[in-house]
Amino acid sequence: MRDKWSSKVGFILAAAGSAVGLGNIWKFPYSVGTNGGGAFVALYFIFLIFIGVPLMLAAITLGRKTQLSVFGAYKSINKKWSFVGGLGVICGFFILAFYSTVGGWVIYYLKNALLGTLNTTNPDLLGKTFENLLNSPIELISYQFIFLLFTMLIVLKGISGGIEKASKIMMPALFIMLIVIAFKSVTLKGSMEGIKFLLTPDFSKINMQVAMNALGQVFFSLSIGMGVMVTYGSYLGKKDNILNTAILIPVIDTAIALIAGFATIPAVFALGFKVTEGPGLMFVTLPAVFASMPMGHIFCIVFFLLVLFAALTSSISMLEVCVSYFVDERNKKRKTSTVIITLLIFIMGIPASLSMGVWKNLDLIGGLNFFDLYDKLTTNILLTTGGFLLCIFVGWVLKAENAVKEIEISGNKFRLAPVWSFLIKYVVPAAVFIILINSYKEFILLII
Ligand code: PFF
């Protein structure tokens with residue numbers, strides 16, 4: 001018999017742990033900044049409600065129904081679809097390759113917080129610190145390696161280890177911490193501009209590019225489209241109510257992203273940073289917020305420690321998808337697979353780490369560096385493709401009626417079943433398809 005989660009709380013903690021990570025705290029705020037502010041936030045919400053939440057339910061249902069991890073889940077219902085699991089593995093490789101770069105940055109900042117070297121509100125100095133890191137290949141690669149090493153060690157110990165138990169304390173701590181930082185950020189002098197930037201949607205700023213990035217961000221943030229939620233759902237028992245879980249995870253995830261937005265963006269405006277800074281936004285801005293707080297030094301240390309934890313609960317879910325493919329489908333040994341895959345990801349990740357410093361001038365494809373290439377390939381192409389295939393599969397191959405039956409097995413009436421079925425069969429595939437076609441078009445135009 002397969003393992004079940006020791007409790008439903010275990011599942012929620014693991015799934016929320018996968019969803020909440022750098023995507024919320026690091027990526028969401030800077031994507032808001034580079035995609036025009038409130039318009040991006042508004043689109044994010046629309047996509048979240050009409051695409052993200054229905055797909056979250058579809059993924060968990062598919063896992064619970066088949067009681068198999070993502071490859072087996074698709075295969076057991078229709079053999080021809082097993083490639084979707086493979087797509088998830090490729091996606092996991094590439095996401096982790098650049099996610100570990102940022103994980104490495106977090107460890108570097110944690111070290112600096114401990115040494116007390118981040119204690120300034122000067123945008124130039126903080127910009128320099130980040131710049132110096134980007135231009136130190138040895139440090140970048142070492143910290144990336146340490147991040148992957150942590151990820152590997154946790155995965156080697158199996159899924160139900162102490163990590164979920166630790167989340168019970170770490171996640172609420174992160175939540176409270178972010179609220180305090182956000183409070184400080186919105187009360188800084190001059191923060192009003194930032195609050196307006198976040199909350200006032202200028203709809204003229206919406207174009208295909210912004211739509212693509214907002215949808216990609218929904219998939220990335222919810223960990224949907226590469227099989228994590230299918231696999232995690234497969235550990236649920238038939239008595240567990242999956243409806244409330246499929247809502248609860250996006251609610252937690254979005255709350256954290258929004259609060260991270262409020263912690264970062266108003267401070268960007270108040271303290272004189274650039275909102276279009278890109279991936280460095282959190283790393284240059286938040287230390288300045290800490291420096292303007294009493295006991296900011298301690299805050300800074302605890303914050304980076306909690307972010308590291310959140311990043312690890314996400315990175316383990318990506319590595320787990322890759323490892324379980326080789327263990328379940330290729331009959332490889334778990335230990336050996338974990339070590340080899342981690343090493344491969346590390347090698348692939350090195351160019352991502354170097355691409356904003358010493359390899360800055362090495363334009364790869366269409367002027368993108370490795371970091372952006374991995375990001376675009378996964379967020380805009382692979383995850384979105386995975387999400388598209390998931391809704392077609394659950395809506396039409398497994399069939400929405402059967403999915404609804406599965407959802408109701410636990411004895412809960414699914415009152416919104418007709419709405420969900422309609423969304424999953426028609427609205428989600430159509431909307432995702434239109435955006436996806438544009439992503440492909442843009443990607444192909446970049447490469448040729
Ligand atoms: N959701 C994670 C985050 O927001 O940091 C990133 C992620 C994890 C994406 C797992 C995809 C995935 F399968």
# chains A, B, ... in the order shown; residues from 1 in each chain; ligands from 1
call {"tool": "residues_near_ligand", "arguments": {"ligand": "ligand 1", "cutoff": "9 Å", "atoms": "only C-alpha atoms and all ligand atoms", "output": "count of residues only"}}
result
48
call {"tool": "residues_around", "arguments": {"residues": "Phe304 in chain A", "least_positions_apart": "5", "cutoff": "9 Å", "atoms": "only C-alpha atoms", "output": "ChimeraX atom specification"}}
result
/A:106-107,109-110,113,299,309
call {"tool": "write_last_selection", "arguments": {"atoms": "C-alpha atoms", "output": "JSON list (two decimals), in the first residue's frame"}}
result
[["chain", "number", "residue", "atom", "x", "y", "z"],
["A", 106, "VAL", "CA", 19.20, 34.19, -0.52],
["A", 107, "ILE", "CA", 21.95, 32.24, 1.26],
["A", 109, "TYR", "CA", 22.16, 37.60, 1.78],
["A", 110, "LEU", "CA", 21.59, 35.52, 4.89],
["A", 113, "ALA", "CA", 22.69, 39.75, 7.27],
["A", 299, "PHE", "CA", 14.63, 41.18, 11.22],
["A", 309, "PHE", "CA", 13.02, 27.80, 4.12]]
call {"tool": "select_by_dssp", "arguments": {"residues": "range 69-287 of chain A", "states": "helix (DSSP H, G or I)", "output": "PyMOL selection string"}}
result
chain A and resi 70-77+79-115+123-134+137-156+162-186+192-199+203-205+208-222+228-233+242-271+281-287
call {"tool": "residues_around", "arguments": {"residues": "Ile424 in chain A", "least_positions_apart": "4", "cutoff": "6 Å", "atoms": "only C-alpha atoms", "output": "PyMOL selection string"}}
result
chain A and resi 391+395+428
call {"tool": "residues_around", "arguments": {"residues": "Gly349 in chain A", "least_positions_apart": "6", "cutoff": "12 Å", "atoms": "only C-alpha atoms", "output": "PyMOL selection string"}}
result
chain A and resi 93-104+140-145+147-148+341-343+355+370-375
call {"tool": "decode", "arguments": {"residues": "range 235-255 of chain A", "atoms": "N, CA and C atoms", "output": "tab-separated table (two decimals), in the first residue's frame"}}
result
chain	number	residue	atom	x	y	z
A	235	TYR	N	-1.45	11.38	-2.69
A	235	TYR	CA	-1.27	10.87	-1.33
A	235	TYR	C	-2.48	11.11	-0.44
A	236	LEU	N	-3.53	11.72	-1.02
A	236	LEU	CA	-4.74	11.97	-0.22
A	236	LEU	C	-5.62	10.73	-0.22
A	237	GLY	N	-6.34	10.53	0.88
A	237	GLY	CA	-7.26	9.41	0.96
A	237	GLY	C	-8.64	9.82	0.43
A	238	LYS	N	-9.48	8.81	0.17
A	238	LYS	CA	-10.79	9.08	-0.42
A	238	LYS	C	-11.71	9.87	0.51
A	239	LYS	N	-11.38	9.88	1.80
A	239	LYS	CA	-12.26	10.61	2.72
A	239	LYS	C	-11.92	12.10	2.79
A	240	ASP	N	-10.75	12.43	2.28
A	240	ASP	CA	-10.32	13.84	2.39
A	240	ASP	C	-11.11	14.73	1.44
A	241	ASN	N	-11.55	15.87	1.97
A	241	ASN	CA	-12.28	16.83	1.14
A	241	ASN	C	-11.26	17.65	0.33
A	242	ILE	N	-11.31	17.44	-1.01
A	242	ILE	CA	-10.30	18.15	-1.81
A	242	ILE	C	-10.76	19.55	-2.22
A	243	LEU	N	-12.06	19.78	-2.06
A	243	LEU	CA	-12.59	21.08	-2.49
A	243	LEU	C	-12.00	22.24	-1.70
A	244	ASN	N	-12.09	22.12	-0.37
A	244	ASN	CA	-11.59	23.25	0.42
A	244	ASN	C	-10.08	23.42	0.29
A	245	THR	N	-9.38	22.28	0.07
A	245	THR	CA	-7.93	22.37	-0.09
A	245	THR	C	-7.58	23.14	-1.35
A	246	ALA	N	-8.33	22.86	-2.44
A	246	ALA	CA	-8.02	23.50	-3.72
A	246	ALA	C	-8.26	25.00	-3.67
A	247	ILE	N	-9.03	25.43	-2.69
A	247	ILE	CA	-9.24	26.86	-2.53
A	247	ILE	C	-8.22	27.43	-1.55
A	248	LEU	N	-8.00	26.65	-0.48
A	248	LEU	CA	-7.13	27.15	0.59
A	248	LEU	C	-5.70	27.43	0.09
A	249	ILE	N	-5.15	26.56	-0.74
A	249	ILE	CA	-3.76	26.75	-1.17
A	249	ILE	C	-3.61	28.03	-2.00
A	250	PRO	N	-4.47	28.25	-3.01
A	250	PRO	CA	-4.35	29.52	-3.73
A	250	PRO	C	-4.57	30.74	-2.84
A	251	VAL	N	-5.47	30.61	-1.84
A	251	VAL	CA	-5.70	31.77	-0.96
A	251	VAL	C	-4.43	32.10	-0.17
A	252	ILE	N	-3.82	31.08	0.42
A	252	ILE	CA	-2.57	31.30	1.18
A	252	ILE	C	-1.50	31.88	0.25
A	253	ASP	N	-1.39	31.23	-0.92
A	253	ASP	CA	-0.34	31.61	-1.86
A	253	ASP	C	-0.48	33.07	-2.30
A	254	THR	N	-1.72	33.45	-2.63
A	254	THR	CA	-1.95	34.80	-3.13
A	254	THR	C	-1.78	35.83	-2.03
A	255	ALA	N	-2.24	35.46	-0.83
A	255	ALA	CA	-2.08	36.40	0.29
A	255	ALA	C	-0.60	36.71	0.47
